[in-house]
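All remarks here apply to the structure that follows.
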Amino acid sequence: MRRDPDRRGYFGEFGGRYVPETLVEPVEALERAYFEVRDDPAFGAELDRLLKHYVGRPTPVYEAARLTEAAGGARIFLKREDLTHTGAHKINNALGQALLAARMGKRRIVAETGAGQHGVASATACALLGLECHVYMGAEDMDRQALNVFRMRLLGAEVCRVDAGSRTLKDAINEAMRDWVTNVSDTYYLLGSVLGPHPYPLMVRELQSVIGREARGQIVELTGRLPTAIVACVGGGSNAMGVFDAFMEDRGVRLIGVEAGGEEILRGRHAARFAGGSTGVLQGTRTFVLQDDNGNIEPTHSISAGLDYAAVGPEHAWLRAMGRAEYAYVTDGEALAAFQTLARLEGILPALESAHAIAYAQRIAGELGPSAILLVNLSGRGDKDVHTVEKQLAKA
Amino acid sequence: MSRIAGAFARIRSEARPGLVTYTTAGDPDLPRSAEILMALDRAGADILEVGVPFSDPLADGPVIQRASERALAAGGSLRAALSMIEKLRPRILAPIVVFSYANPLLRLGLDAFARQAAGAGVDGVLALDLPIEEAGGFRETLASAGIDTIFLLSPTTTDSRLRRAAELGSGFLYGISRLGVTGARARVASGAEALVGRIRAHSAMPIALGFGISRPEHVAEVCAYADAAVVGSALVSVIAEGGRRPDLITRVEHYVQWLRGASALNAHA
């Protein structure tokens with residue numbers, strides 16, 4: 001199975017480089033710079049050093065025995081990305097790209113954020129490397145992730161409020177791209193997921209693939225074999241690509257991405273692109289998008305800001321088309337219940353994004369049976385969501 | 001000769017600055033958007049760019065973003081734009097160029113779009129986020145329907161890509177005068193003339209220059225080296241300010257006459 005996109009950045013029919021003319025050359029320059037550092041041992045050593053001593057890698061794989069017992073079937077293991085510095089997998093990518101930006105001589109970083117985790121990770125990496133950081137964030141997300149907004153400011157980043165459109169992640173990306181197109185000469189766009197024009201989907205996947213490389217060794221060490229299935233939530237899909245990547249050639253291992261089912265699969269009330277979407281072009285890439293008959297992007301909804309986005313990473317669309325990965329969705333209610341379950345049974349507050357993966361693992365554990373092994377990527381911790389959960393529980 | 005080639009031939013033979021206007025289809029609503037296009041034609045615009053409203057106009061500044069929102073709220077869409085153009089075509093002299101993001105075109109389907117656009121009398125198409133590398137099949141489909149594909153060229157465009165755009169494009173080339181999103185500015189960008197010079201070195205095609213142009217002296221300045229100036233955001237602001245006022249159409253017409261007045265002056269100077 002071919003793993004890299006073709007020269008034009010396509011995974012099968014998905015991907016590419018649908019950008020305004022002004023960005024074509026900067027995106028090509030980024031590709032050249034990335035391909036250069038990708039093969040540079042000094043760059044790799046510097047990144048590894050930071051991942052080990054600053055981020056705290058490797059993160060553990062932990063057997064959730066009480067969750068397993070409650071779910072009544074497969075043994076459930078958690079890859080603890082929530083234990084990284086800043087509390088989510090986003091730091092793996094942010095550090096790698098910030099190092100690249102510094103090497104390219106770009107001192108001004110722009111980033112978008114939904115849940116705030118990528119914004120915090122970017123602000124952190126910029127503080128560490130002495131770079132200037134501007135984070136675009138939808139007004140609605142700023143309200144529901146107020147804690148992360150303050151964290152970013154403490155880290156020295158400027159948080160730019162985006163009031164356009166649906167005032168969520170999609171609009172933050174539009175605004176970050178507008179900033180980039182205006183300031184290309186000194187600015188690096190630090191995109192947070194496996195989205196956007198080539199080389200972003202490839203680069204972000206590769207920077208996140210450390211998750212799966214570690215997890216593959218860890219699960220084999222713990223259980224003596226490969227897992228039956230891997231479960232990860234999918235917004236843009238970077239934590240999922242990161243954990244899937246090392247298992248791609250292990251054809252017996254099922255790869256399962258979990259999208260946000262929101263309230264229900266009706267226009268504007270979910271973010272399950274594979275359940276309600278079709279092929280389209282959004283923000284630089286050709287992939288599955290939620291859109292109407294006129295090609296306008298539909299509003300989305302999810303209890304978790306990080307999954308609340310109308311497009312999915314192009315490689316996911318390709319893995320699904322090839323039958324290598326499967327995709328399901330979990331509703332707001334199920335994710336909220338899983339959040340509480342993990343808190344009470346394991347003493348872990350998961351991010352609401354990651355709670356979608358937990359909920360799905362609980363759902364399939366029974367039918368898989370006790371001989372099966374489920375590896376769930378716990379992509380982030382839930383401190384940022386405590387306020388949202390409190391409000392939701394008060395409503396119920 | 002195509003309508004676009006005819007328009008530039010006329011501009012050249014009259015040795016005057018050309019004026020390309022941009023408005024969003026359906027802004028402030030479909031009937032008045034149609035009236036505005038007729039007014040622009042009457043007032044002497046040489047080419048009419050008709051923008052397709054889109055939910056995520058990431059290459060546009062706030063003025064055109066708001067126009068897109070108004071048009072979408074008023075029922076604007078690619079289909080509505082094409083049917084408006086079809087009705088207007090017999091009553092408008094200027095060539096019409098559809099200006100769109102890729103997704104509405106792809107959603108309709110390139111073959112269906114090319115057929116319907118040709119049927120409506122569209123002369124050219126410019127897709128903002130479809131650079132030459134992604135425009136292969138698109139350009140051929142449009143060409144076989146007799147429609148020009150117009151490419152944008154930016155100060156960041158390398159010479160080799162500039163050559164490719166000149167080979168693949170037809171009708172005219174659209175130069176982006178500055179880095180950034182659309183929007184009116186106080187002055188014409190300093191690198192604009194150099195960009196036009198680079199394009200001329202590779203192509204004999206007419207060049208329209210846009211982004212940031214809002215005043216008659218800008219038009220005159222730009223047309224000292226380019227064939228035409230594109231006025232978008234500033235015109236859209238006139239429409240936004242005119243809003244629901246009864247004299248909206250007159251205001252639009254006066255604005256274009258004002259832009260052209262100075263150009264005529266410059267031509268005689």
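Every chain in the structure tokens has a letter given in the order shown (A, B, ...), and although residue numbers restart at 1 in each chain, ligands are simply numbered from 1 in the order shown.
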- Message: Should the cut-off be 9 Å, what would the residue list for chain B against chain A look like, counting only C-alpha atoms, as a ChimeraX atom specification?
- Response: /B:53-61,65,69,77-79,102-108,127-134,151-158,176,178-181
- Message: Taking the DSSP secondary structure from the backbone, can you list the residues of stretch 94-183 of chain B that are helix (DSSP H, G or I), as a count of residues only?
- Response: 40
- What does the distance from atom CA of B:Val50 to atom CA of B:Ser68 come to in Å, to one decimal?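 So the two atoms, atom CA of B:Val50 and atom CA of B:Ser68, lie 11.7 Å apart.
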- For stretch 118-124 of chain A, list every protein, DNA or RNA residue within 10 Å, evaluated using only C-alpha atoms, and leave out those in the same chain fewer than 2 positions away; present the list as a PyMOL selection string. chain A and resi 85-95+97-98+109-116+126-137+148-159+190-193+306
- Nearest to A:Leu255: which of A:Met241, A:Ile219, A:Ile303, A:Ala325 is it, counting only C-alpha atoms?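 Of A:Met241, A:Ile219, A:Ile303, A:Ala325, the one nearest A:Leu255 is A:Ala325, counting only C-alpha atoms.
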- Query: Counting only C-alpha atoms, what is within 10 Å of A:Pro199, bar same-chain residues fewer than 5 positions away, as a list in words?
  - Reply: Pro5, Arg7, Arg8, Gly9, Tyr10, Gly15, Gly16, Arg17, Val27, Glu28, Leu30, Glu31, Arg32, Tyr34, Phe35, Val194, Val204 and Arg205 of chain A
Take the selection from the previous step and output its residues with N, CA and C atoms, as a PDB file, in the first residue's frame.
ATOM      1  N   PRO A   5       1.667  10.726  -0.306  1.00  0.00           N
ATOM      2  CA  PRO A   5       0.901  11.310  -1.399  1.00  0.00           C
ATOM      3  C   PRO A   5       1.791  11.421  -2.642  1.00  0.00           C
ATOM      4  N   ARG A   7       3.343  13.392  -6.113  1.00  0.00           N
ATOM      5  CA  ARG A   7       4.130  14.611  -6.171  1.00  0.00           C
ATOM      6  C   ARG A   7       3.280  15.881  -6.020  1.00  0.00           C
ATOM      7  N   ARG A   8       2.011  15.761  -6.421  1.00  0.00           N
ATOM      8  CA  ARG A   8       1.123  16.925  -6.317  1.00  0.00           C
ATOM      9  C   ARG A   8       0.359  16.935  -4.996  1.00  0.00           C
ATOM     10  N   GLY A   9       0.697  15.999  -4.128  1.00  0.00           N
ATOM     11  CA  GLY A   9       0.074  16.021  -2.807  1.00  0.00           C
ATOM     12  C   GLY A   9      -1.252  15.288  -2.731  1.00  0.00           C
ATOM     13  N   TYR A  10      -1.478  14.359  -3.659  1.00  0.00           N
ATOM     14  CA  TYR A  10      -2.737  13.615  -3.647  1.00  0.00           C
ATOM     15  C   TYR A  10      -2.588  12.246  -3.021  1.00  0.00           C
ATOM     16  N   GLY A  15      -6.754  15.398  -1.518  1.00  0.00           N
ATOM     17  CA  GLY A  15      -5.564  16.178  -1.172  1.00  0.00           C
ATOM     18  C   GLY A  15      -5.367  17.309  -2.177  1.00  0.00           C
ATOM     19  N   GLY A  16      -4.130  17.491  -2.616  1.00  0.00           N
ATOM     20  CA  GLY A  16      -3.839  18.544  -3.596  1.00  0.00           C
ATOM     21  C   GLY A  16      -3.482  19.862  -2.935  1.00  0.00           C
ATOM     22  N   ARG A  17      -3.629  20.906  -3.731  1.00  0.00           N
ATOM     23  CA  ARG A  17      -3.122  22.203  -3.289  1.00  0.00           C
ATOM     24  C   ARG A  17      -4.022  23.291  -3.868  1.00  0.00           C
ATOM     25  N   VAL A  27       3.832  27.757  -0.295  1.00  0.00           N
ATOM     26  CA  VAL A  27       3.535  26.370   0.035  1.00  0.00           C
ATOM     27  C   VAL A  27       4.598  25.449  -0.577  1.00  0.00           C
ATOM     28  N   GLU A  28       5.059  25.792  -1.791  1.00  0.00           N
ATOM     29  CA  GLU A  28       6.141  25.007  -2.406  1.00  0.00           C
ATOM     30  C   GLU A  28       7.442  25.170  -1.617  1.00  0.00           C
ATOM     31  N   LEU A  30       7.662  25.762   1.524  1.00  0.00           N
ATOM     32  CA  LEU A  30       7.468  24.989   2.751  1.00  0.00           C
ATOM     33  C   LEU A  30       7.762  23.508   2.487  1.00  0.00           C
ATOM     34  N   GLU A  31       7.245  23.024   1.362  1.00  0.00           N
ATOM     35  CA  GLU A  31       7.478  21.614   1.007  1.00  0.00           C
ATOM     36  C   GLU A  31       8.985  21.341   0.873  1.00  0.00           C
ATOM     37  N   ARG A  32       9.684  22.233   0.171  1.00  0.00           N
ATOM     38  CA  ARG A  32      11.136  22.048   0.011  1.00  0.00           C
ATOM     39  C   ARG A  32      11.835  22.035   1.368  1.00  0.00           C
ATOM     40  N   TYR A  34      10.560  21.411   4.299  1.00  0.00           N
ATOM     41  CA  TYR A  34      10.200  20.243   5.116  1.00  0.00           C
ATOM     42  C   TYR A  34      10.946  18.998   4.638  1.00  0.00           C
ATOM     43  N   PHE A  35      10.990  18.806   3.310  1.00  0.00           N
ATOM     44  CA  PHE A  35      11.678  17.621   2.791  1.00  0.00           C
ATOM     45  C   PHE A  35      13.167  17.646   3.138  1.00  0.00           C
ATOM     46  N   VAL A 194      -4.115  17.412  10.031  1.00  0.00           N
ATOM     47  CA  VAL A 194      -3.734  16.822   8.737  1.00  0.00           C
ATOM     48  C   VAL A 194      -4.655  17.356   7.640  1.00  0.00           C
ATOM     49  N   VAL A 204       2.115  16.917   8.995  1.00  0.00           N
ATOM     50  CA  VAL A 204       1.494  16.793  10.317  1.00  0.00           C
ATOM     51  C   VAL A 204       1.365  15.313  10.690  1.00  0.00           C
ATOM     52  N   ARG A 205       1.016  14.479   9.711  1.00  0.00           N
ATOM     53  CA  ARG A 205       0.961  13.040   9.989  1.00  0.00           C
ATOM     54  C   ARG A 205       2.325  12.545  10.471  1.00  0.00           C
TER      55      ARG A 205
END
- Item | Surrounding residues of B:Gly119 excluding itself and chain neighbours under 2 positions, 10 Å, only C-alpha atoms, as JSON, numbers by chain | {"B": [82, 83, 85, 86, 113, 114, 115, 116, 117, 121, 122, 145]}
- Task: If you run DSSP over the backbone, which residues in stretch 147-202 of chain A end up strand (DSSP E)? Put them as JSON, numbers by chain.
- Result: {"A": [158, 159, 160, 161, 162, 187, 188, 189]}
File dump, residues just selected, N, CA, C and O atoms, as a PDB file, in the first residue's frame:
ATOM      1  N   GLU A 158      -0.735  36.257  21.075  1.00  0.00           N
ATOM      2  CA  GLU A 158      -1.881  37.129  20.871  1.00  0.00           C
ATOM      3  C   GLU A 158      -3.024  36.263  20.351  1.00  0.00           C
ATOM      4  O   GLU A 158      -2.866  35.541  19.363  1.00  0.00           O
ATOM      5  N   VAL A 159      -4.167  36.299  21.022  1.00  0.00           N
ATOM      6  CA  VAL A 159      -5.326  35.528  20.569  1.00  0.00           C
ATOM      7  C   VAL A 159      -6.229  36.473  19.786  1.00  0.00           C
ATOM      8  O   VAL A 159      -6.676  37.492  20.302  1.00  0.00           O
ATOM      9  N   CYS A 160      -6.463  36.147  18.511  1.00  0.00           N
ATOM     10  CA  CYS A 160      -7.246  37.019  17.644  1.00  0.00           C
ATOM     11  C   CYS A 160      -8.642  36.440  17.485  1.00  0.00           C
ATOM     12  O   CYS A 160      -8.815  35.326  16.982  1.00  0.00           O
ATOM     13  N   ARG A 161      -9.625  37.205  17.918  1.00  0.00           N
ATOM     14  CA  ARG A 161     -11.020  36.767  17.914  1.00  0.00           C
ATOM     15  C   ARG A 161     -11.587  36.815  16.495  1.00  0.00           C
ATOM     16  O   ARG A 161     -11.437  37.814  15.797  1.00  0.00           O
ATOM     17  N   VAL A 162     -12.246  35.742  16.076  1.00  0.00           N
ATOM     18  CA  VAL A 162     -12.818  35.682  14.721  1.00  0.00           C
ATOM     19  C   VAL A 162     -14.337  35.650  14.826  1.00  0.00           C
ATOM     20  O   VAL A 162     -14.916  34.701  15.370  1.00  0.00           O
ATOM     21  N   THR A 187       6.185  35.310   7.666  1.00  0.00           N
ATOM     22  CA  THR A 187       5.241  34.565   8.500  1.00  0.00           C
ATOM     23  C   THR A 187       5.170  33.095   8.127  1.00  0.00           C
ATOM     24  O   THR A 187       5.175  32.734   6.952  1.00  0.00           O
ATOM     25  N   TYR A 188       5.102  32.259   9.150  1.00  0.00           N
ATOM     26  CA  TYR A 188       4.930  30.815   8.984  1.00  0.00           C
ATOM     27  C   TYR A 188       3.532  30.455   9.472  1.00  0.00           C
ATOM     28  O   TYR A 188       3.152  30.845  10.584  1.00  0.00           O
ATOM     29  N   TYR A 189       2.792  29.684   8.658  1.00  0.00           N
ATOM     30  CA  TYR A 189       1.474  29.229   9.090  1.00  0.00           C
ATOM     31  C   TYR A 189       1.607  27.846   9.726  1.00  0.00           C
ATOM     32  O   TYR A 189       1.917  26.883   9.051  1.00  0.00           O
TER      33      TYR A 189
END
- Query: Using only C-alpha atoms, which residues sit within 10 Å of B:Thr149 once same-chain residues fewer than 3 positions away are excluded, as a PyMOL selection string?
  - Reply: chain B and resi 97-98+123-127+135+138-143+146+165+168-173
Let me see the file: selected residues, C-alpha atoms, as a PDB file, in the first residue's frame.
ATOM      1  CA  VAL B  97     -16.326  36.778 -16.344  1.00  0.00           C
ATOM      2  CA  VAL B  98     -17.477  34.470 -13.573  1.00  0.00           C
ATOM      3  CA  ASP B 123     -17.107  34.658 -21.595  1.00  0.00           C
ATOM      4  CA  GLY B 124     -14.487  33.744 -19.043  1.00  0.00           C
ATOM      5  CA  VAL B 125     -14.004  32.044 -15.691  1.00  0.00           C
ATOM      6  CA  LEU B 126     -11.578  32.837 -12.928  1.00  0.00           C
ATOM      7  CA  ALA B 127     -11.330  30.360 -10.040  1.00  0.00           C
ATOM      8  CA  ALA B 135      -6.742  23.526 -13.280  1.00  0.00           C
ATOM      9  CA  PHE B 138     -10.992  22.493 -15.788  1.00  0.00           C
ATOM     10  CA  ARG B 139      -9.264  24.604 -18.414  1.00  0.00           C
ATOM     11  CA  GLU B 140      -9.826  22.019 -21.146  1.00  0.00           C
ATOM     12  CA  THR B 141     -13.487  21.594 -20.310  1.00  0.00           C
ATOM     13  CA  LEU B 142     -14.021  25.351 -20.416  1.00  0.00           C
ATOM     14  CA  ALA B 143     -12.003  25.734 -23.609  1.00  0.00           C
ATOM     15  CA  GLY B 146     -15.617  28.270 -25.837  1.00  0.00           C
ATOM     16  CA  ALA B 165      -0.110  30.505 -16.872  1.00  0.00           C
ATOM     17  CA  LEU B 168      -2.595  27.794 -20.442  1.00  0.00           C
ATOM     18  CA  GLY B 169      -4.655  30.926 -19.822  1.00  0.00           C
ATOM     19  CA  SER B 170      -6.722  32.759 -22.385  1.00  0.00           C
ATOM     20  CA  GLY B 171      -8.638  36.028 -22.603  1.00  0.00           C
ATOM     21  CA  PHE B 172      -6.407  38.011 -20.278  1.00  0.00           C
ATOM     22  CA  LEU B 173      -4.132  37.578 -17.284  1.00  0.00           C
TER      23      LEU B 173
END
- Tell me which protein, DNA and RNA residues are within 7 Å of stretch 29-34 of chain B, counting only C-alpha atoms, leaving out same-chain ones fewer than 6 positions away, and put them as a count of residues only. 4
- In Å, how far is it from atom CA of A:Ala33 to atom CA of A:Lys52?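 Going from atom CA of A:Ala33 over to atom CA of A:Lys52 covers 23.9 Å.
Coordinates place atom CA of A:Pro41 at a distance of 23.0 Å from atom CA of A:Arg107.
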- Message: Using only C-alpha atoms for the distances, tell me which of A:Thr223, A:Gln218, A:Ser354, A:Asn239 is nearest to A:Glu206.
- Response: A:Asn239
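With distances restricted to only C-alpha atoms, A:Gly242 is the closest residue to A:Ile211 from A:Gly224, A:Gly73, A:Gly96, A:Gly242.
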